[in-house]
>>> print(open('data.tsv').read())   # TSV, C-alpha atoms
chain	number	residue	atom	x	y	z
A	60	MET	CA	-21.64	12.28	30.31
A	61	SER	CA	-18.39	11.14	31.92
A	62	ASN	CA	-18.19	7.83	33.80
A	63	ILE	CA	-15.01	8.80	35.62
A	64	ALA	CA	-16.51	8.80	39.14
A	65	SER	CA	-18.07	5.31	38.99
A	66	ASN	CA	-15.06	3.89	37.11
A	67	LEU	CA	-12.56	5.19	39.67
A	68	LYS	CA	-14.54	3.69	42.53
A	69	TYR	CA	-14.92	0.31	40.83
A	70	LEU	CA	-11.27	0.11	39.74
A	71	ARG	CA	-9.98	1.00	43.20
A	72	LYS	CA	-12.16	-1.57	44.97
A	73	ASN	CA	-11.45	-4.21	42.34
A	74	LYS	CA	-7.74	-3.74	43.03
A	75	GLY	CA	-8.38	-4.06	46.79
A	76	LEU	CA	-7.20	-0.56	47.65
A	77	THR	CA	-8.48	1.86	50.27
A	78	GLN	CA	-8.96	5.49	49.31
A	79	GLN	CA	-5.81	6.34	51.28
A	80	GLN	CA	-3.72	3.67	49.54
A	81	PHE	CA	-4.85	4.89	46.13
A	82	ALA	CA	-4.21	8.50	47.17
A	83	ASP	CA	-0.67	7.57	48.20
A	84	ALA	CA	-0.10	5.80	44.88
A	85	MET	CA	-1.22	8.90	42.97
A	86	ASP	CA	0.50	11.32	45.37
A	87	ILE	CA	-2.76	13.19	46.11
A	88	LYS	CA	-4.93	13.76	49.18
A	89	ARG	CA	-7.45	11.12	50.31
A	90	ALA	CA	-10.16	13.79	50.30
A	91	SER	CA	-9.53	14.32	46.59
A	92	VAL	CA	-10.14	10.63	45.91
A	93	GLY	CA	-13.48	10.86	47.71
A	94	ALA	CA	-14.44	13.94	45.71
A	95	TYR	CA	-13.61	12.23	42.42
A	96	GLU	CA	-15.52	9.05	43.30
A	97	GLU	CA	-18.58	11.01	44.49
A	98	ASP	CA	-18.54	13.11	41.29
A	99	ARG	CA	-17.99	16.35	43.22
A	100	ALA	CA	-14.85	17.05	41.20
A	101	GLU	CA	-12.95	15.65	38.21
A	102	PRO	CA	-9.20	14.96	37.98
A	103	LYS	CA	-7.24	17.37	35.83
A	104	TYR	CA	-5.74	16.09	32.60
A	105	GLU	CA	-2.29	15.13	33.94
A	106	LEU	CA	-3.74	13.24	36.90
A	107	LEU	CA	-6.33	11.53	34.68
A	108	LYS	CA	-3.54	10.32	32.41
A	109	LYS	CA	-1.57	9.08	35.43
A	110	ILE	CA	-4.61	7.15	36.69
A	111	ALA	CA	-5.26	5.66	33.24
A	112	ASP	CA	-1.62	4.50	33.02
A	113	TYR	CA	-1.85	3.06	36.55
A	114	TYR	CA	-4.78	0.86	35.52
A	115	ALA	CA	-3.34	0.16	32.03
A	116	LEU	CA	-6.29	1.89	30.34
A	117	SER	CA	-6.65	4.55	27.69
A	118	MET	CA	-8.00	7.91	28.81
A	119	ASP	CA	-11.00	7.36	26.54
A	120	GLU	CA	-11.80	4.05	28.28
A	121	LEU	CA	-11.44	5.58	31.73
A	122	ALA	CA	-13.67	8.56	30.92
A	123	ASN	CA	-16.33	7.07	28.66
A	124	ASP	CA	-16.63	3.30	29.14
A	125	VAL	CA	-18.79	1.77	31.86
A	126	ILE	CA	-16.15	-0.28	33.65
A	127	ASP	CA	-17.63	-3.08	35.75
A	128	GLU	CA	-17.41	-6.88	36.08
A	129	LYS	CA	-18.90	-7.28	32.57
A	130	TRP	CA	-16.53	-4.80	30.90
A	131	LYS	CA	-13.83	-6.06	28.52
A	132	PRO	CA	-10.96	-3.86	27.33
A	133	THR	CA	-10.46	-3.18	23.63
A	134	PRO	CA	-7.46	-5.17	22.37
A	135	LYS	CA	-4.44	-2.86	22.22
A	136	GLY	CA	-2.57	-2.42	18.96
A	137	ASN	CA	-5.54	-3.28	16.71
A	138	ALA	CA	-4.98	-1.31	13.52
A	139	SER	CA	-8.67	-0.58	12.99
A	140	ASN	CA	-9.48	0.53	16.57
A	141	LEU	CA	-11.39	3.79	16.83
A	142	ARG	CA	-9.11	6.53	18.13
A	143	VAL	CA	-10.06	9.84	19.69
A	144	LEU	CA	-8.52	12.79	17.83
A	145	SER	CA	-8.66	16.38	19.09
A	146	ILE	CA	-9.02	19.04	16.37
A	147	THR	CA	-9.75	22.77	16.08
A	148	VAL	CA	-11.88	24.64	13.53
A	149	ASP	CA	-11.91	28.19	12.17
A	150	GLN	CA	-14.79	30.66	12.16
A	151	SER	CA	-16.29	28.92	9.12
A	152	ASP	CA	-16.23	25.55	10.94
A	153	ARG	CA	-13.41	24.26	8.71
A	154	GLU	CA	-10.70	22.16	10.33
A	155	ASN	CA	-7.42	23.96	10.99
A	156	ILE	CA	-3.96	22.56	10.36
A	157	GLU	CA	-2.28	22.63	13.78
A	158	LEU	CA	1.51	23.05	13.83
A	159	VAL	CA	3.67	21.05	16.25
A	160	PRO	CA	7.09	22.79	16.40
A	161	VAL	CA	10.18	20.84	17.45
A	162	LYS	CA	10.17	22.54	20.85
A	163	ALA	CA	6.60	21.30	21.44
A	164	SER	CA	7.24	17.69	20.36
A	165	ALA	CA	7.80	16.36	23.88
A	166	GLY	CA	4.66	18.04	25.15
A	167	TYR	CA	2.67	16.65	22.23
A	168	LEU	CA	3.20	13.11	23.52
A	169	ASN	CA	1.22	14.04	26.64
A	170	GLY	CA	-1.24	16.48	25.11
A	171	TYR	CA	-2.09	15.02	21.69
A	172	ALA	CA	-5.50	13.82	22.95
A	173	ASP	CA	-6.20	16.88	25.12
A	174	PRO	CA	-8.47	19.44	23.36
A	175	GLU	CA	-7.10	22.25	25.54
A	176	TYR	CA	-3.51	21.46	24.56
A	177	VAL	CA	-4.31	21.14	20.85
A	178	LYS	CA	-6.24	24.44	20.98
A	179	GLU	CA	-3.06	26.25	22.06
A	180	LEU	CA	-0.95	25.01	19.12
A	181	PRO	CA	-0.22	27.43	16.24
A	182	LYS	CA	-2.67	26.85	13.41
A	183	PHE	CA	-3.16	27.77	9.75
A	184	ASN	CA	-5.12	26.78	6.63
A	185	LEU	CA	-4.15	25.87	3.08
A	186	PRO	CA	-6.74	25.87	0.27
A	187	MET	CA	-5.50	22.59	-1.23
A	188	PHE	CA	-6.11	20.76	2.05
A	189	ASN	CA	-9.80	21.37	2.67
A	190	GLN	CA	-10.94	17.73	2.81
A	191	GLY	CA	-9.68	15.52	5.63
A	192	THR	CA	-7.80	16.10	8.88
A	193	TYR	CA	-4.27	17.47	8.69
A	194	ARG	CA	-1.50	18.39	11.12
A	195	ALA	CA	1.95	19.88	10.53
A	196	PHE	CA	5.12	18.71	12.27
A	197	GLU	CA	8.53	20.39	12.26
A	198	ILE	CA	11.27	17.77	11.84
A	199	LYS	CA	14.85	17.84	13.07
A	200	GLY	CA	18.01	16.01	12.09
A	201	ASP	CA	19.28	14.68	8.77
A	202	SER	CA	17.76	11.19	8.71
A	203	MET	CA	15.41	12.06	5.84
A	204	LEU	CA	17.67	13.97	3.46
A	205	PRO	CA	17.28	15.78	1.13
A	206	LEU	CA	14.62	17.34	3.41
A	207	SER	CA	16.58	19.53	5.79
A	208	SER	CA	16.23	19.86	9.54
A	209	GLY	CA	13.56	22.46	10.30
A	210	SER	CA	11.33	21.47	7.40
A	211	VAL	CA	7.61	21.24	8.20
A	212	ILE	CA	5.79	18.09	7.06
A	213	ILE	CA	2.02	18.33	6.57
A	214	GLY	CA	0.38	14.99	7.29
A	215	GLU	CA	-3.12	13.59	6.82
A	216	TYR	CA	-4.49	11.61	9.77
A	217	VAL	CA	-4.48	7.82	9.33
A	218	GLU	CA	-7.33	6.28	11.33
A	219	ASN	CA	-6.94	2.69	10.10
A	220	TRP	CA	-3.31	1.58	10.18
A	221	ASN	CA	-4.06	-1.20	7.70
A	222	ASP	CA	-4.30	1.57	5.08
A	223	ILE	CA	-0.58	2.33	5.43
A	224	LYS	CA	1.28	1.79	2.15
A	225	PRO	CA	4.85	0.44	2.17
A	226	GLY	CA	7.47	2.66	0.59
A	227	GLN	CA	5.69	5.90	1.42
A	228	THR	CA	6.55	8.41	4.14
A	229	TYR	CA	4.61	9.06	7.35
A	230	ILE	CA	4.88	10.98	10.59
A	231	VAL	CA	4.75	8.39	13.37
A	232	ILE	CA	4.06	9.48	16.95
A	233	SER	CA	5.25	6.90	19.50
A	234	LYS	CA	5.87	6.81	23.23
A	235	ASP	CA	9.59	5.98	22.97
A	236	GLU	CA	10.66	7.78	19.78
A	237	GLY	CA	8.35	10.80	19.94
A	238	VAL	CA	7.64	12.56	16.63
A	239	VAL	CA	9.55	11.06	13.70
A	240	TYR	CA	9.25	11.36	9.94
A	241	LYS	CA	10.18	8.06	8.26
A	242	ARG	CA	9.52	5.76	5.33
A	243	ILE	CA	7.46	2.64	6.10
A	244	ALA	CA	9.05	-0.65	5.05
A	245	PHE	CA	6.08	-3.04	5.27
A	246	LYS	CA	2.34	-3.01	5.88
A	247	TYR	CA	1.29	-2.75	9.51
A	248	LYS	CA	1.77	-6.03	11.41
A	249	GLU	CA	-0.50	-6.73	14.36
A	250	ASP	CA	2.28	-8.55	16.23
A	251	LYS	CA	5.26	-6.32	15.38
A	252	GLY	CA	3.90	-2.90	14.46
A	253	LEU	CA	5.83	-0.87	11.88
A	254	LYS	CA	9.36	-0.94	10.52
A	255	LEU	CA	10.65	2.63	10.05
A	256	VAL	CA	13.33	3.41	7.46
A	257	SER	CA	15.46	6.54	7.06
A	258	ASP	CA	16.23	7.82	3.57
A	259	ASN	CA	19.69	8.68	4.87
A	260	LYS	CA	21.30	5.22	4.92
A	261	VAL	CA	23.64	6.22	7.75
A	262	TYR	CA	20.68	5.57	10.06
A	263	GLU	CA	19.54	2.01	10.74
A	264	SER	CA	15.94	0.87	10.36
A	265	TYR	CA	13.98	-0.12	13.45
A	266	TRP	CA	10.60	-1.47	14.58
A	267	VAL	CA	7.99	0.38	16.63
A	268	GLY	CA	5.65	-1.96	18.48
A	269	PRO	CA	1.83	-1.70	18.27
A	270	ALA	CA	1.37	-0.64	21.91
A	271	ASP	CA	3.99	2.10	21.49
A	272	ILE	CA	2.30	3.87	18.56
A	273	LEU	CA	0.05	6.83	19.40
A	274	GLU	CA	-0.74	8.44	16.04
A	275	ILE	CA	0.18	8.10	12.36
A	276	TRP	CA	-0.04	10.85	9.72
A	277	LYS	CA	0.55	10.28	6.00
A	278	ALA	CA	2.96	12.86	4.56
A	279	LYS	CA	1.21	15.00	1.94
A	280	ALA	CA	3.45	18.07	1.55
A	281	PHE	CA	6.37	19.90	3.10
A	282	ILE	CA	7.37	23.51	3.74
A	283	SER	CA	11.04	24.50	3.82
A	284	THR	CA	13.01	27.73	3.88
A	285	GLU	CA	15.95	26.00	2.15
A	286	PHE	CA	15.90	25.71	-1.63
A	287	PRO	CA	17.45	22.72	-3.41
A	288	GLU	CA	20.97	23.13	-4.74
A	289	PRO	CA	21.46	22.80	-8.52
A	290	VAL	CA	22.61	19.39	-9.68
A	291	ALA	CA	26.33	19.44	-10.49
A	292	GLU	CA	27.40	18.70	-14.05
A	293	PRO	CA	28.95	15.21	-14.33
A	294	THR	CA	32.73	15.25	-14.52
A	295	MET	CA	34.92	12.93	-16.57
A	296	GLU	CA	35.82	11.14	-13.35
A	297	THR	CA	32.18	10.46	-12.40
A	298	LEU	CA	31.33	9.35	-15.95
A	299	THR	CA	34.29	6.96	-15.96
A	300	SER	CA	33.21	5.56	-12.61
A	301	MET	CA	29.63	5.06	-13.87
A	302	MET	CA	30.87	3.26	-16.99
A	303	ALA	CA	33.11	1.00	-14.92
A	304	GLN	CA	30.22	0.10	-12.63
A	305	MET	CA	27.97	-0.66	-15.62
A	306	GLN	CA	30.66	-2.87	-17.16
A	307	LYS	CA	31.07	-4.70	-13.84
A	308	THR	CA	27.32	-5.33	-13.69
A	309	ILE	CA	27.21	-6.59	-17.27
A	310	ASN	CA	30.16	-8.93	-16.67
A	311	SER	CA	28.49	-10.39	-13.55
A	312	VAL	CA	25.29	-11.07	-15.53
A	313	VAL	CA	27.21	-12.74	-18.35
A	314	ASP	CA	29.19	-14.90	-15.88
A	315	THR	CA	25.95	-15.99	-14.23
A	316	LYS	CA	24.50	-17.19	-17.51
A	317	LYS	CA	27.55	-19.27	-18.40
>>> encode(input="data.tsv", output="structure tokens")
Amino acid sequence: MSNIASNLKYLRKNKGLTQQQFADAMDIKRASVGAYEEDRAEPKYELLKKIADYYALSMDELANDVIDEKWKPTPKGNASNLRVLSITVDQSDRENIELVPVKASAGYLNGYADPEYVKELPKFNLPMFNQGTYRAFEIKGDSMLPLSSGSVIIGEYVENWNDIKPGQTYIVISKDEGVVYKRIAFKYKEDKGLKLVSDNKVYESYWVGPADILEIWKAKAFISTEFPEPVAEPTMETLTSMMAQMQKTINSVVDTKK
């Protein structure tokens, strides 16, 4: 049973606001505030998210916790925190793989925890992924070559961020960067978050802070309509260049030992 009504009333009074002042802050009618606090109606998803952000809470805390003078918030950014994940199942009660196309990426940041939003995403199943929770994300850009823009990455949900392995690739969902597919440089750091690295060295690495991260999915497979080009036969010029580089390396090692 939801605790939204009692939580809204407590939070408003604890902040010293009248129903009208809170209504003005949320850009809604005062009568609506009364209806929510008296449990005669519930805020719709977008408004609930706005209220949660206003009080610096998660939507799960606002809806399910009993928020009173004894309540203490869960520390943000803890890698092992329990996270609410919305999923869908097929007629045999097996989890679907929901697809997040590029055009839906922005909406996913707002709807990733909303069962109604997730239910509307395209979905499919693959026989090799029948254990675990998976989601597919279409990527754009050339930061992770040789995977081309438009490729679909299938990721397995990572509940505990301490399980992240450096050097491997993940889909990271964050408030500022949105949906990105990157390689992880180090293990998750409670104070700094994650350092994301592009395989295309033209792009610089960067950190995503703990409070900014929404979801993480470990890359397990990809789907692409572009086939790899055949590897070109080495030319005399490339072979000569390789030999020169090897000789340079050998000379530097010998000089170091002298």
>>> closest_residue(input="data.tsv", among="A:Pro186, A:Pro225, A:Gly166, A:Pro287", to="A:Leu206", atoms="all atoms listed in the file")
A:Pro287
>>> closest_residue(input="data.tsv", among="A:Ala165, A:Ile243, A:Ile282, A:Val148", to="A:Ile230", atoms="only C-alpha atoms")
A:Ile243
>>> residues_around(input="data.tsv", residues="A:Leu204", least_positions_apart="3", cutoff="9 Å", atoms="only C-alpha atoms", output="PyMOL selection string")
chain A and resi 200-201+207-208+257-259
>>> residues_around(input="data.tsv", residues="A:Asp173", least_positions_apart="2", cutoff="10 Å", atoms="all atoms listed in the file", output="list in words")
Tyr104, Glu105, Met118, Val143, Leu144, Ser145, Ile146, Tyr167, Asn169, Gly170, Tyr171, Glu175, Tyr176, Val177 and Lys178 of chain A
>>> residues_near_point(input="data.tsv", point="(10.1, 20.4, 14.7)", cutoff="8 Å", atoms="all atoms listed in the file", output="list in words")
Val159, Pro160, Val161, Lys162, Ala163, Ser164, Phe196, Glu197, Ile198, Lys199, Gly209, Ser210 and Val211 of chain A
>>> atom_distance(input="data.tsv", atom1="atom CA of A:Lys234", atom2="atom CA of A:Ala115")
14.4 Å
>>> atom_distance(input="data.tsv", atom1="atom CA of A:Met203", atom2="atom CA of A:Ser264")
12.1 Å
>>> residues_around(input="data.tsv", residues="stretch 90-92 of chain A", least_positions_apart="2", cutoff="12 Å", atoms="only C-alpha atoms", output="number ranges by chain")
A: 63-65, 67-68, 71, 76-88, 94-103, 106-107, 110
